[in-house]
file query-v9.json (JSON, C-alpha atoms)
[["chain", "number", "residue", "atom", "x", "y", "z"],
["A", 10, "MET", "CA", 11.05, 22.93, 29.20],
["A", 11, "ASP", "CA", 14.53, 22.74, 27.65],
["A", 12, "ALA", "CA", 16.46, 19.65, 26.62],
["A", 13, "GLY", "CA", 18.49, 19.60, 29.83],
["A", 14, "GLU", "CA", 15.34, 19.59, 31.95],
["A", 15, "VAL", "CA", 13.86, 16.78, 29.86],
["A", 16, "VAL", "CA", 16.97, 14.64, 30.33],
["A", 17, "SER", "CA", 17.13, 15.38, 34.06],
["A", 18, "GLY", "CA", 13.45, 14.54, 34.38],
["A", 19, "PHE", "CA", 14.01, 11.29, 32.52],
["A", 20, "PHE", "CA", 16.81, 10.17, 34.84],
["A", 21, "ALA", "CA", 14.84, 11.29, 37.89],
["A", 22, "SER", "CA", 11.82, 9.24, 36.81],
["A", 23, "ARG", "CA", 13.76, 6.11, 35.94],
["A", 24, "LEU", "CA", 16.56, 5.97, 38.49],
["A", 25, "THR", "CA", 14.69, 6.25, 41.79],
["A", 26, "GLY", "CA", 15.35, 2.53, 42.29],
["A", 27, "ILE", "CA", 17.39, -0.22, 40.70],
["A", 28, "GLU", "CA", 14.52, -1.70, 38.66],
["A", 29, "TYR", "CA", 15.20, 0.27, 35.47],
["A", 30, "LEU", "CA", 18.88, -0.68, 35.31],
["A", 31, "SER", "CA", 18.09, -4.26, 36.36],
["A", 32, "ALA", "CA", 15.71, -4.50, 33.39],
["A", 33, "TRP", "CA", 18.51, -3.17, 31.17],
["A", 34, "THR", "CA", 20.94, -5.89, 32.33],
["A", 35, "ARG", "CA", 18.31, -8.54, 31.52],
["A", 36, "SER", "CA", 17.59, -7.04, 28.10],
["A", 37, "GLY", "CA", 21.00, -7.69, 26.62],
["A", 38, "MET", "CA", 20.76, -4.39, 24.73],
["A", 39, "PRO", "CA", 23.60, -1.88, 24.57],
["A", 40, "LEU", "CA", 23.01, 0.74, 27.25],
["A", 41, "ARG", "CA", 22.94, 3.57, 24.67],
["A", 42, "ASN", "CA", 20.07, 1.82, 22.84],
["A", 43, "TRP", "CA", 18.27, 1.19, 26.13],
["A", 44, "LEU", "CA", 18.58, 4.80, 27.26],
["A", 45, "ARG", "CA", 17.69, 6.12, 23.81],
["A", 46, "ASN", "CA", 14.46, 4.10, 23.74],
["A", 47, "GLY", "CA", 13.72, 5.18, 27.30],
["A", 48, "ILE", "CA", 14.14, 8.88, 26.67],
["A", 49, "HIS", "CA", 11.98, 8.67, 23.55],
["A", 50, "LEU", "CA", 9.18, 7.16, 25.62],
["A", 51, "HIS", "CA", 9.71, 9.74, 28.38],
["A", 52, "VAL", "CA", 9.29, 12.62, 25.92],
["A", 53, "HIS", "CA", 6.27, 10.87, 24.46],
["A", 54, "GLU", "CA", 4.75, 10.66, 27.98],
["A", 55, "LEU", "CA", 5.52, 14.35, 28.65],
["A", 56, "ARG", "CA", 3.83, 15.45, 25.45],
["A", 57, "ARG", "CA", 0.73, 13.39, 26.14],
["A", 58, "SER", "CA", 0.59, 14.73, 29.69],
["A", 59, "ARG", "CA", 0.84, 18.31, 28.42],
["A", 60, "GLN", "CA", -1.89, 17.64, 25.86],
["A", 61, "ARG", "CA", -4.17, 16.27, 28.61],
["A", 62, "GLU", "CA", -3.45, 19.34, 30.80],
["A", 63, "ARG", "CA", -4.21, 21.69, 27.93],
["A", 64, "ARG", "CA", -7.51, 19.94, 27.31],
["A", 65, "ILE", "CA", -8.45, 20.35, 30.98],
["A", 66, "GLU", "CA", -7.38, 24.00, 31.17],
["A", 67, "SER", "CA", -8.78, 25.12, 27.87],
["A", 68, "ASN", "CA", -11.09, 23.24, 25.60],
["A", 69, "THR", "CA", -10.36, 25.19, 22.43],
["A", 70, "GLU", "CA", -9.81, 23.19, 19.27],
["A", 71, "ALA", "CA", -6.97, 25.50, 18.28],
["A", 72, "VAL", "CA", -4.94, 24.60, 21.38],
["A", 73, "GLU", "CA", -5.40, 20.87, 20.78],
["A", 74, "ALA", "CA", -4.53, 21.21, 17.12],
["A", 75, "ALA", "CA", -1.38, 23.17, 17.95],
["A", 76, "ALA", "CA", -0.29, 20.60, 20.54],
["A", 77, "GLU", "CA", -0.94, 17.74, 18.14],
["A", 78, "ASP", "CA", 0.92, 19.49, 15.31],
["A", 79, "GLU", "CA", 3.89, 20.01, 17.61],
["A", 80, "ALA", "CA", 3.96, 16.40, 18.77],
["A", 81, "ALA", "CA", 3.11, 14.75, 15.47],
["A", 82, "PRO", "CA", 6.54, 14.58, 13.79],
["A", 83, "PHE", "CA", 8.18, 13.29, 16.97],
["A", 84, "GLU", "CA", 5.43, 10.74, 17.54],
["A", 85, "ARG", "CA", 5.80, 9.39, 14.00],
["A", 86, "LEU", "CA", 9.58, 9.11, 14.35],
["A", 87, "TRP", "CA", 9.13, 7.31, 17.65],
["A", 88, "VAL", "CA", 6.66, 4.81, 16.17],
["A", 89, "LEU", "CA", 8.93, 4.14, 13.20],
["A", 90, "SER", "CA", 11.86, 3.70, 15.55],
["A", 91, "VAL", "CA", 10.02, 1.13, 17.66],
["A", 92, "LEU", "CA", 8.81, -0.78, 14.60],
["A", 93, "ASN", "CA", 12.16, -0.77, 12.83],
["A", 94, "GLY", "CA", 13.76, -2.07, 16.01],
["A", 95, "ALA", "CA", 11.22, -4.87, 16.32],
["A", 96, "VAL", "CA", 11.65, -5.82, 12.66],
["A", 97, "ARG", "CA", 15.43, -5.98, 12.98],
["A", 98, "GLU", "CA", 15.16, -8.10, 16.12],
["A", 99, "VAL", "CA", 12.72, -10.60, 14.60],
["A", 100, "ALA", "CA", 14.62, -10.86, 11.30],
["A", 101, "ARG", "CA", 17.84, -11.38, 13.26],
["A", 102, "GLU", "CA", 16.22, -14.05, 15.46],
["A", 103, "LEU", "CA", 14.84, -15.97, 12.47],
["A", 104, "ASP", "CA", 18.21, -15.71, 10.74],
["A", 105, "ALA", "CA", 19.92, -17.09, 13.84],
["A", 106, "ARG", "CA", 17.49, -20.03, 13.88],
["A", 107, "GLY", "CA", 18.28, -20.80, 10.24],
["A", 108, "ARG", "CA", 14.82, -19.68, 9.07],
["A", 109, "PRO", "CA", 15.38, -16.39, 7.21],
["A", 110, "ALA", "CA", 12.79, -17.37, 4.57],
["A", 111, "GLU", "CA", 10.04, -17.05, 7.18],
["A", 112, "TRP", "CA", 10.70, -13.32, 7.47],
["A", 113, "ARG", "CA", 10.45, -12.96, 3.70],
["A", 114, "MET", "CA", 7.21, -14.97, 3.66],
["A", 115, "PHE", "CA", 5.72, -12.70, 6.29],
["A", 116, "TRP", "CA", 6.80, -9.60, 4.31],
["A", 117, "GLN", "CA", 5.42, -10.89, 1.03],
["A", 118, "HIS", "CA", 2.06, -11.69, 2.58],
["A", 119, "HIS", "CA", 1.49, -8.74, 4.90],
["A", 120, "ILE", "CA", 3.38, -5.93, 3.14],
["A", 121, "GLU", "CA", 3.34, -6.98, -0.50],
["A", 122, "GLU", "CA", -0.22, -8.34, -0.04],
["A", 123, "GLN", "CA", 0.48, -11.67, -1.71],
["A", 124, "SER", "CA", -2.02, -14.43, -0.90],
["A", 125, "HIS", "CA", -0.89, -17.43, 1.15],
["A", 126, "GLU", "CA", -1.31, -19.53, -2.01],
["A", 127, "ALA", "CA", 1.09, -17.28, -3.92],
["A", 128, "VAL", "CA", 3.59, -17.17, -1.05],
["A", 129, "GLY", "CA", 3.39, -20.94, -0.69],
["A", 130, "ARG", "CA", 4.17, -21.42, -4.40],
["A", 131, "VAL", "CA", 7.27, -19.25, -4.12],
["A", 132, "PHE", "CA", 8.58, -20.91, -0.96],
["A", 133, "GLY", "CA", 7.50, -24.48, -1.68],
["A", 134, "CYS", "CA", 4.84, -24.97, 0.95],
["A", 135, "SER", "CA", 1.06, -25.13, 1.19],
["A", 136, "ALA", "CA", -1.15, -22.11, 1.77],
["A", 137, "SER", "CA", -2.01, -23.30, 5.27],
["A", 138, "GLU", "CA", 1.71, -23.74, 6.11],
["A", 139, "SER", "CA", 2.32, -20.19, 4.87],
["A", 140, "ALA", "CA", -0.53, -18.98, 7.09],
["A", 141, "GLN", "CA", 0.92, -20.77, 10.12],
["A", 142, "ILE", "CA", 4.38, -19.34, 9.53],
["A", 143, "CYS", "CA", 3.05, -15.80, 9.04],
["A", 144, "PHE", "CA", 0.96, -16.19, 12.20],
["A", 145, "ARG", "CA", 4.06, -17.24, 14.16],
["A", 146, "VAL", "CA", 6.19, -14.36, 12.82],
["A", 147, "ARG", "CA", 3.37, -11.96, 13.55],
["A", 148, "GLY", "CA", 3.41, -13.18, 17.15],
["A", 149, "MET", "CA", 7.18, -12.64, 17.38],
["A", 150, "LEU", "CA", 6.75, -9.05, 16.14],
["A", 151, "ARG", "CA", 3.95, -8.38, 18.57],
["A", 152, "ASP", "CA", 6.03, -9.76, 21.44],
["A", 153, "SER", "CA", 9.03, -7.67, 20.42],
["A", 154, "ILE", "CA", 6.97, -4.46, 20.24],
["A", 155, "ALA", "CA", 5.30, -5.30, 23.56],
["A", 156, "ALA", "CA", 8.68, -5.97, 25.19],
["A", 157, "THR", "CA", 9.96, -2.55, 24.07],
["A", 158, "LEU", "CA", 6.87, -0.84, 25.42],
["A", 159, "CYS", "CA", 6.91, -2.76, 28.73],
["A", 160, "ALA", "CA", 10.64, -2.18, 29.20],
["A", 161, "ASP", "CA", 9.92, 1.53, 29.08],
["A", 162, "GLY", "CA", 7.12, 1.44, 31.60],
["A", 163, "ILE", "CA", 3.91, 0.57, 29.72],
["A", 164, "ARG", "CA", 1.86, -1.93, 31.74],
["A", 165, "ASP", "CA", 1.00, -5.29, 30.13],
["A", 166, "GLU", "CA", -2.71, -4.52, 30.07],
["A", 167, "ALA", "CA", -2.06, -1.19, 28.30],
["A", 168, "VAL", "CA", 0.09, -2.59, 25.48],
["A", 169, "LEU", "CA", -2.79, -3.18, 23.03],
["A", 170, "ARG", "CA", -4.08, 0.35, 23.60],
["A", 171, "GLU", "CA", -0.56, 1.69, 23.02],
["A", 172, "ILE", "CA", -0.23, -0.20, 19.73],
["A", 173, "LEU", "CA", -3.64, 1.12, 18.61],
["A", 174, "ASP", "CA", -2.38, 4.63, 19.45],
["A", 175, "MET", "CA", 0.72, 3.97, 17.33],
["A", 176, "MET", "CA", -1.59, 3.10, 14.43],
["A", 177, "GLU", "CA", -3.43, 6.37, 14.92],
["A", 178, "VAL", "CA", -0.14, 8.30, 14.86],
["A", 179, "LEU", "CA", 0.77, 6.73, 11.52],
["A", 180, "ARG", "CA", -2.69, 7.50, 10.13],
["A", 181, "GLY", "CA", -1.74, 11.15, 10.43],
["A", 182, "SER", "CA", 1.39, 10.61, 8.26],
["B", 26, "MET", "CA", 28.55, -11.20, 15.71],
["B", 27, "ASP", "CA", 27.84, -7.58, 16.53],
["B", 28, "PRO", "CA", 24.04, -7.22, 16.33],
["B", 29, "ASP", "CA", 24.43, -3.52, 15.57],
["B", 30, "ALA", "CA", 26.52, -4.34, 12.49],
["B", 31, "MET", "CA", 23.85, -6.69, 11.14],
["B", 32, "ASP", "CA", 21.47, -4.90, 8.84],
["B", 33, "THR", "CA", 19.57, -7.38, 6.74],
["B", 34, "VAL", "CA", 16.40, -5.30, 6.90],
["B", 35, "GLN", "CA", 15.94, -1.83, 5.43],
["B", 36, "PRO", "CA", 14.13, 0.85, 7.46],
["B", 37, "MET", "CA", 10.41, 0.92, 6.70],
["B", 38, "SER", "CA", 8.43, 3.73, 5.14],
["B", 39, "PRO", "CA", 5.45, 5.10, 7.12],
["B", 40, "ALA", "CA", 3.14, 3.28, 4.67],
["B", 41, "GLN", "CA", 4.88, -0.04, 5.30],
["B", 42, "ALA", "CA", 4.83, 0.65, 9.02],
["B", 43, "SER", "CA", 1.05, 1.06, 8.98],
["B", 44, "GLN", "CA", 0.74, -2.23, 7.09],
["B", 45, "LEU", "CA", 2.99, -3.90, 9.65],
["B", 46, "LEU", "CA", 0.99, -2.55, 12.60],
["B", 47, "SER", "CA", -2.23, -3.65, 10.92],
["B", 48, "ALA", "CA", -0.75, -7.13, 10.62],
["B", 49, "VAL", "CA", 0.36, -7.14, 14.27],
["B", 50, "LEU", "CA", -3.04, -5.92, 15.46],
["B", 51, "GLY", "CA", -4.93, -8.49, 13.40],
["B", 52, "ARG", "CA", -8.59, -8.47, 14.38],
["B", 53, "HIS", "CA", -7.93, -5.65, 16.87],
["B", 54, "ALA", "CA", -7.24, -3.20, 14.04],
["B", 55, "THR", "CA", -10.30, -1.15, 13.09],
["B", 56, "PRO", "CA", -11.85, -1.78, 9.65],
["B", 57, "LEU", "CA", -10.70, 1.70, 8.58],
["B", 58, "ASP", "CA", -7.12, 1.07, 9.71],
["B", 59, "ARG", "CA", -7.09, -2.27, 7.92],
["B", 60, "LEU", "CA", -8.39, -0.62, 4.75],
["B", 61, "LEU", "CA", -5.86, 2.23, 4.91],
["B", 62, "ALA", "CA", -3.06, -0.28, 5.47],
["B", 63, "ARG", "CA", -4.18, -2.24, 2.38],
["B", 64, "CYS", "CA", -4.28, 1.00, 0.38],
["B", 65, "ALA", "CA", -0.73, 1.74, 1.54],
["B", 66, "ALA", "CA", 0.60, -1.27, -0.40],
["B", 67, "LEU", "CA", 2.32, -0.51, -3.72],
["B", 68, "ASP", "CA", -0.73, -1.69, -5.67],
["B", 69, "GLY", "CA", -3.14, 0.13, -3.35],
["B", 70, "THR", "CA", -4.73, 2.52, -5.84],
["B", 71, "SER", "CA", -5.17, -0.09, -8.57],
["B", 72, "TRP", "CA", -6.58, -2.51, -6.00],
["B", 73, "THR", "CA", -9.20, 0.06, -4.87],
["B", 74, "SER", "CA", -10.20, 0.72, -8.49],
["B", 75, "GLU", "CA", -10.63, -3.00, -9.09],
["B", 76, "VAL", "CA", -12.88, -3.37, -6.01],
["B", 77, "LEU", "CA", -15.00, -0.31, -6.82],
["B", 78, "ARG", "CA", -15.39, -1.14, -10.51],
["B", 79, "SER", "CA", -16.80, -4.54, -9.56],
["B", 80, "HIS", "CA", -19.69, -2.83, -7.71],
["B", 81, "GLU", "CA", -20.53, 0.00, -10.14],
["B", 82, "SER", "CA", -23.65, -1.58, -11.62],
["B", 83, "GLU", "CA", -25.03, -2.46, -8.17],
["B", 84, "THR", "CA", -25.09, 1.16, -7.07],
["B", 85, "GLU", "CA", -27.30, 2.50, -9.86],
["B", 86, "SER", "CA", -30.25, 2.54, -7.46],
["B", 87, "VAL", "CA", -30.67, 3.31, -3.77],
["B", 88, "GLU", "CA", -31.87, -0.27, -3.21],
["B", 89, "GLY", "CA", -28.72, -1.54, -4.86],
["B", 90, "CYS", "CA", -26.62, 0.64, -2.57],
["B", 91, "ARG", "CA", -28.46, -0.67, 0.49],
["B", 92, "GLY", "CA", -27.97, -4.25, -0.63],
["B", 93, "LEU", "CA", -24.24, -3.73, -1.15],
["B", 94, "LYS", "CA", -23.95, -2.01, 2.23],
["B", 95, "ASP", "CA", -25.71, -4.84, 4.06],
["B", 96, "ARG", "CA", -23.61, -7.56, 2.42],
["B", 97, "ALA", "CA", -20.39, -5.68, 3.15],
["B", 98, "LYS", "CA", -21.45, -5.06, 6.74],
["B", 99, "ALA", "CA", -22.07, -8.78, 7.28],
["B", 100, "LEU", "CA", -18.53, -9.55, 6.11],
["B", 101, "ILE", "CA", -17.03, -6.82, 8.31],
["B", 102, "ALA", "CA", -18.85, -8.19, 11.36],
["B", 103, "GLU", "CA", -16.85, -11.43, 11.17],
["B", 104, "PRO", "CA", -13.14, -10.57, 10.87],
["B", 105, "SER", "CA", -10.61, -13.34, 10.33],
["B", 106, "GLU", "CA", -7.58, -13.72, 12.59],
["B", 107, "GLU", "CA", -5.74, -11.44, 10.16],
["B", 108, "GLY", "CA", -8.35, -8.74, 10.59],
["B", 109, "HIS", "CA", -11.27, -7.12, 8.83],
["B", 110, "ASP", "CA", -11.67, -7.65, 5.09],
["B", 111, "PRO", "CA", -10.48, -4.37, 3.52],
["B", 112, "ALA", "CA", -12.44, -4.97, 0.29],
["B", 113, "ALA", "CA", -15.62, -5.36, 2.33],
["B", 114, "PHE", "CA", -15.07, -2.10, 4.21],
["B", 115, "LEU", "CA", -14.22, -0.24, 1.00],
["B", 116, "SER", "CA", -17.43, -1.60, -0.55],
["B", 117, "TYR", "CA", -19.35, -0.50, 2.54],
["B", 118, "LEU", "CA", -17.99, 3.06, 2.25],
["B", 119, "TYR", "CA", -18.62, 3.10, -1.51],
["B", 120, "SER", "CA", -22.28, 2.14, -1.10],
["B", 121, "ILE", "CA", -22.78, 5.02, 1.36],
["B", 122, "ALA", "CA", -20.83, 7.46, -0.84],
["B", 123, "VAL", "CA", -22.84, 6.74, -4.00],
["B", 124, "ALA", "CA", -26.17, 6.74, -2.16],
["B", 125, "CYS", "CA", -25.29, 10.13, -0.73],
["B", 126, "ASP", "CA", -23.58, 11.79, -3.71],
["B", 127, "THR", "CA", -25.62, 10.34, -6.62],
["B", 128, "HIS", "CA", -29.00, 9.60, -5.05],
["B", 129, "GLY", "CA", -29.05, 12.18, -2.23],
["B", 130, "VAL", "CA", -29.89, 9.59, 0.44],
["B", 131, "MET", "CA", -28.03, 8.73, 3.65],
["B", 132, "ILE", "CA", -28.28, 4.96, 4.02],
["B", 133, "SER", "CA", -26.00, 4.55, 7.05],
["B", 134, "THR", "CA", -27.16, 4.86, 10.66],
["B", 135, "ALA", "CA", -23.61, 5.19, 11.96],
["B", 136, "ALA", "CA", -22.48, 8.50, 13.45],
["B", 137, "PRO", "CA", -22.25, 11.02, 10.57],
["B", 138, "GLU", "CA", -18.82, 12.34, 11.58],
["B", 139, "GLU", "CA", -17.43, 8.80, 11.76],
["B", 140, "VAL", "CA", -18.78, 8.01, 8.29],
["B", 141, "ALA", "CA", -17.48, 11.30, 6.87],
["B", 142, "ARG", "CA", -14.04, 10.65, 8.38],
["B", 143, "GLY", "CA", -13.92, 7.17, 6.85],
["B", 144, "LEU", "CA", -14.92, 8.50, 3.42],
["B", 145, "ALA", "CA", -12.41, 11.36, 3.55],
["B", 146, "SER", "CA", -9.55, 9.08, 4.72],
["B", 147, "ALA", "CA", -10.23, 6.44, 2.07],
["B", 148, "ALA", "CA", -10.65, 9.09, -0.67],
["B", 149, "LEU", "CA", -6.95, 9.97, -0.51],
["B", 150, "HIS", "CA", -6.05, 6.54, -1.90],
["B", 151, "LEU", "CA", -8.53, 6.43, -4.76],
["B", 152, "ASP", "CA", -8.33, 7.36, -8.42],
["B", 153, "THR", "CA", -9.73, 10.80, -9.25],
["B", 154, "THR", "CA", -13.24, 9.75, -10.26],
["B", 155, "TRP", "CA", -13.90, 7.71, -7.13],
["B", 156, "ARG", "CA", -12.08, 10.23, -4.94],
["B", 157, "GLU", "CA", -14.46, 13.01, -5.93],
["B", 158, "ILE", "CA", -17.51, 10.88, -5.16],
["B", 159, "PHE", "CA", -16.15, 10.03, -1.69],
["B", 160, "LEU", "CA", -15.12, 13.62, -0.90],
["B", 161, "ARG", "CA", -18.42, 15.12, -2.06],
["B", 162, "ALA", "CA", -20.30, 12.58, 0.02],
["B", 163, "ALA", "CA", -18.15, 13.34, 3.08],
["B", 164, "ALA", "CA", -18.76, 17.08, 2.64],
["B", 165, "ARG", "CA", -22.52, 16.58, 2.31],
["B", 166, "ILE", "CA", -22.67, 14.37, 5.37],
["B", 167, "ARG", "CA", -20.64, 16.85, 7.43],
["B", 168, "SER", "CA", -22.85, 19.73, 6.36],
["B", 169, "GLN", "CA", -25.90, 17.53, 7.03],
["B", 170, "VAL", "CA", -27.54, 18.24, 3.70],
["B", 171, "VAL", "CA", -28.37, 14.55, 3.14]]
call {"tool": "encode", "arguments": {"input": "query-v9.json", "output": "structure tokens"}}
result
Amino acid sequence: MDAGEVVSGFFASRLTGIEYLSAWTRSGMPLRNWLRNGIHLHVHELRRSRQRERRIESNTEAVEAAAEDEAAPFERLWVLSVLNGAVREVARELDARGRPAEWRMFWQHHIEEQSHEAVGRVFGCSASESAQICFRVRGMLRDSIAATLCADGIRDEAVLREILDMMEVLRGS
Amino acid sequence: MDPDAMDTVQPMSPAQASQLLSAVLGRHATPLDRLLARCAALDGTSWTSEVLRSHESETESVEGCRGLKDRAKALIAEPSEEGHDPAAFLSYLYSIAVACDTHGVMISTAAPEEVARGLASAALHLDTTWREIFLRAAARIRSQVV
């Protein structure tokens, strides 16, 4: 399948009705970002579908390994793209609310592995307040990731499974 | 303000991304994923050495390994909202690795391939000495010579 066929397939799958473009108008995102995210997910779906077909047609480990090797770099880029987008959105939202420190608190605790006590000392709050703030920011990130996935066709009930799959993709990095 | 012009956040590395996903997943992340995310932090290797050094004397006997495994398993069974305790899971894997590599005994009833995969994945983040113990144990479990 060449790039032109992939793009045509993407538009055919998304533009059979007005729902996809209606969702774009509600998103507030630039159309190029919306379409870029959508085509990434479409290619992701095609690769997974081809992997499933190969497993049904031939159960050799070599075929699966080759398919996974081929998809792996794209999958990792896609996951990083989704996460970077969610991070930018949440940081921007907190900044707009006048609470940029909350993003830094979340980062120090979850990425730099600082305890809530240590984070609280730096930002002048208690450990439990730090925990509450990090919990809230975590929820914003989860909602942002879920919104990206749902906007591109993942059902609500499948979002957790999709995020677990994203974790598995990164494990292969 | 043009949101596309705003760039207060730098793109993440794959290691940071796994930590972020682990945070988002919370208690839904597997113990192995939570451990690997902890290891991905900048102090990951030194943190693992600190955890493993604290248990060295306990693993001098098979009974000690079993005791460590059971205590770690109890902690893993009750994850907090933020997820499974990575130190507990590392301790769990360590007890199995030493029992297998040093004492020649398999003390885990979990599926051998799952245990071997956990040991091999964690080994990549350990200092050389511990890494060899984990990798040898994984190889023995996979070849079923335990």
call {"tool": "closest_residue", "arguments": {"input": "query-v9.json", "among": "B:Ala54, B:Val76, B:Ala136, B:Val87", "to": "Trp155 of chain B", "atoms": "only C-alpha atoms"}}
result
B:Val76
call {"tool": "interface_residues", "arguments": {"input": "query-v9.json", "of": "chain B", "to": "chain A", "cutoff": "8 Å", "atoms": "all atoms listed in the file", "output": "ChimeraX atom specification"}}
result
/B:31-34,36-37,39,41-50,54,58,63,66-67
call {"tool": "residues_near_point", "arguments": {"input": "query-v9.json", "point": "(-27.2, 8.1, -4.5)", "cutoff": "8 Å", "atoms": "only C-alpha atoms", "output": "mmCIF file with C-alpha atoms, in the frame of the given file"}}
result
data_model
loop_
_atom_site.group_PDB
_atom_site.id
_atom_site.type_symbol
_atom_site.label_atom_id
_atom_site.label_comp_id
_atom_site.auth_asym_id
_atom_site.auth_seq_id
_atom_site.Cartn_x
_atom_site.Cartn_y
_atom_site.Cartn_z
ATOM 1 C CA THR B 84 -25.090 1.160 -7.070
ATOM 2 C CA GLU B 85 -27.300 2.500 -9.860
ATOM 3 C CA SER B 86 -30.250 2.540 -7.460
ATOM 4 C CA VAL B 87 -30.670 3.310 -3.770
ATOM 5 C CA CYS B 90 -26.620 0.640 -2.570
ATOM 6 C CA ILE B 121 -22.780 5.020 1.360
ATOM 7 C CA ALA B 122 -20.830 7.460 -0.840
ATOM 8 C CA VAL B 123 -22.840 6.740 -4.000
ATOM 9 C CA ALA B 124 -26.170 6.740 -2.160
ATOM 10 C CA CYS B 125 -25.290 10.130 -0.730
ATOM 11 C CA ASP B 126 -23.580 11.790 -3.710
ATOM 12 C CA THR B 127 -25.620 10.340 -6.620
ATOM 13 C CA HIS B 128 -29.000 9.600 -5.050
ATOM 14 C CA GLY B 129 -29.050 12.180 -2.230
ATOM 15 C CA VAL B 130 -29.890 9.590 0.440
#
call {"tool": "atom_distance", "arguments": {"input": "query-v9.json", "atom1": "atom CA of Ile158 of chain B", "atom2": "atom CA of Leu144 of chain B"}}
result
9.3 Å
call {"tool": "atom_distance", "arguments": {"input": "query-v9.json", "atom1": "atom CA of His125 of chain A", "atom2": "atom CA of Ser137 of chain A"}}
result
7.3 Å
call {"tool": "atom_distance", "arguments": {"input": "query-v9.json", "atom1": "atom CA of Ala148 of chain B", "atom2": "atom CA of Ala97 of chain B"}}
result
18.1 Å
call {"tool": "closest_residue", "arguments": {"input": "query-v9.json", "among": "B:Ala102, B:Leu149, B:Glu75, B:Glu157", "to": "Tyr117 of chain B", "atoms": "all atoms listed in the file"}}
result
B:Ala102
call {"tool": "closest_residue", "arguments": {"input": "query-v9.json", "among": "B:Leu151, B:Ile101, B:Ala162, B:Met131", "to": "Leu77 of chain B", "atoms": "only C-alpha atoms"}}
result
B:Leu151
call {"tool": "closest_residue", "arguments": {"input": "query-v9.json", "among": "B:Glu83, B:Leu160, B:Ile132, B:Lys98", "to": "Pro111 of chain B", "atoms": "all atoms listed in the file"}}
result
B:Lys98
call {"tool": "closest_residue", "arguments": {"input": "query-v9.json", "among": "B:Leu115, B:Leu57, B:Ala141, B:Leu93", "to": "Trp72 of chain B", "atoms": "only C-alpha atoms"}}
result
B:Leu115
call {"tool": "axis_aligned_box", "arguments": {"input": "query-v9.json", "around": "segment 149-153 of chain B", "padding_each_side": "6 Å", "output": "lines of an AutoDock Vina configuration file"}}
result
center_x = -7.9
center_y = 8.6
center_z = -4.9
size_x = 15.7
size_y = 16.4
size_z = 20.7
call {"tool": "build_atoms", "arguments": {"input": "query-v9.json", "residues": "segment 41-52 of chain A", "atoms": "N, CA and C atoms", "output": "PDB file, keeping the file's coordinate frame"}}
result
ATOM      1  N   ARG A  41      23.335   2.359  25.417  1.00  0.00           N
ATOM      2  CA  ARG A  41      22.940   3.570  24.670  1.00  0.00           C
ATOM      3  C   ARG A  41      21.591   3.347  23.993  1.00  0.00           C
ATOM      4  N   ASN A  42      21.357   2.118  23.473  1.00  0.00           N
ATOM      5  CA  ASN A  42      20.070   1.820  22.840  1.00  0.00           C
ATOM      6  C   ASN A  42      18.957   1.833  23.879  1.00  0.00           C
ATOM      7  N   TRP A  43      19.261   1.255  25.051  1.00  0.00           N
ATOM      8  CA  TRP A  43      18.270   1.190  26.130  1.00  0.00           C
ATOM      9  C   TRP A  43      17.862   2.575  26.569  1.00  0.00           C
ATOM     10  N   LEU A  44      18.883   3.438  26.795  1.00  0.00           N
ATOM     11  CA  LEU A  44      18.580   4.800  27.260  1.00  0.00           C
ATOM     12  C   LEU A  44      17.898   5.614  26.164  1.00  0.00           C
ATOM     13  N   ARG A  45      18.292   5.391  24.914  1.00  0.00           N
ATOM     14  CA  ARG A  45      17.690   6.120  23.810  1.00  0.00           C
ATOM     15  C   ARG A  45      16.205   5.782  23.704  1.00  0.00           C
ATOM     16  N   ASN A  46      15.864   4.504  23.774  1.00  0.00           N
ATOM     17  CA  ASN A  46      14.460   4.100  23.740  1.00  0.00           C
ATOM     18  C   ASN A  46      13.706   4.694  24.929  1.00  0.00           C
ATOM     19  N   GLY A  47      14.372   4.694  26.092  1.00  0.00           N
ATOM     20  CA  GLY A  47      13.720   5.180  27.300  1.00  0.00           C
ATOM     21  C   GLY A  47      13.424   6.673  27.233  1.00  0.00           C
ATOM     22  N   ILE A  48      14.370   7.442  26.708  1.00  0.00           N
ATOM     23  CA  ILE A  48      14.140   8.880  26.670  1.00  0.00           C
ATOM     24  C   ILE A  48      13.096   9.229  25.618  1.00  0.00           C
ATOM     25  N   HIS A  49      13.050   8.465  24.532  1.00  0.00           N
ATOM     26  CA  HIS A  49      11.980   8.670  23.550  1.00  0.00           C
ATOM     27  C   HIS A  49      10.624   8.477  24.192  1.00  0.00           C
ATOM     28  N   LEU A  50      10.469   7.419  24.966  1.00  0.00           N
ATOM     29  CA  LEU A  50       9.180   7.160  25.620  1.00  0.00           C
ATOM     30  C   LEU A  50       8.888   8.236  26.660  1.00  0.00           C
ATOM     31  N   HIS A  51       9.905   8.701  27.361  1.00  0.00           N
ATOM     32  CA  HIS A  51       9.710   9.740  28.380  1.00  0.00           C
ATOM     33  C   HIS A  51       9.177  11.018  27.740  1.00  0.00           C
ATOM     34  N   VAL A  52       9.756  11.411  26.609  1.00  0.00           N
ATOM     35  CA  VAL A  52       9.290  12.620  25.920  1.00  0.00           C
ATOM     36  C   VAL A  52       7.876  12.410  25.409  1.00  0.00           C
TER      37      VAL A  52
END
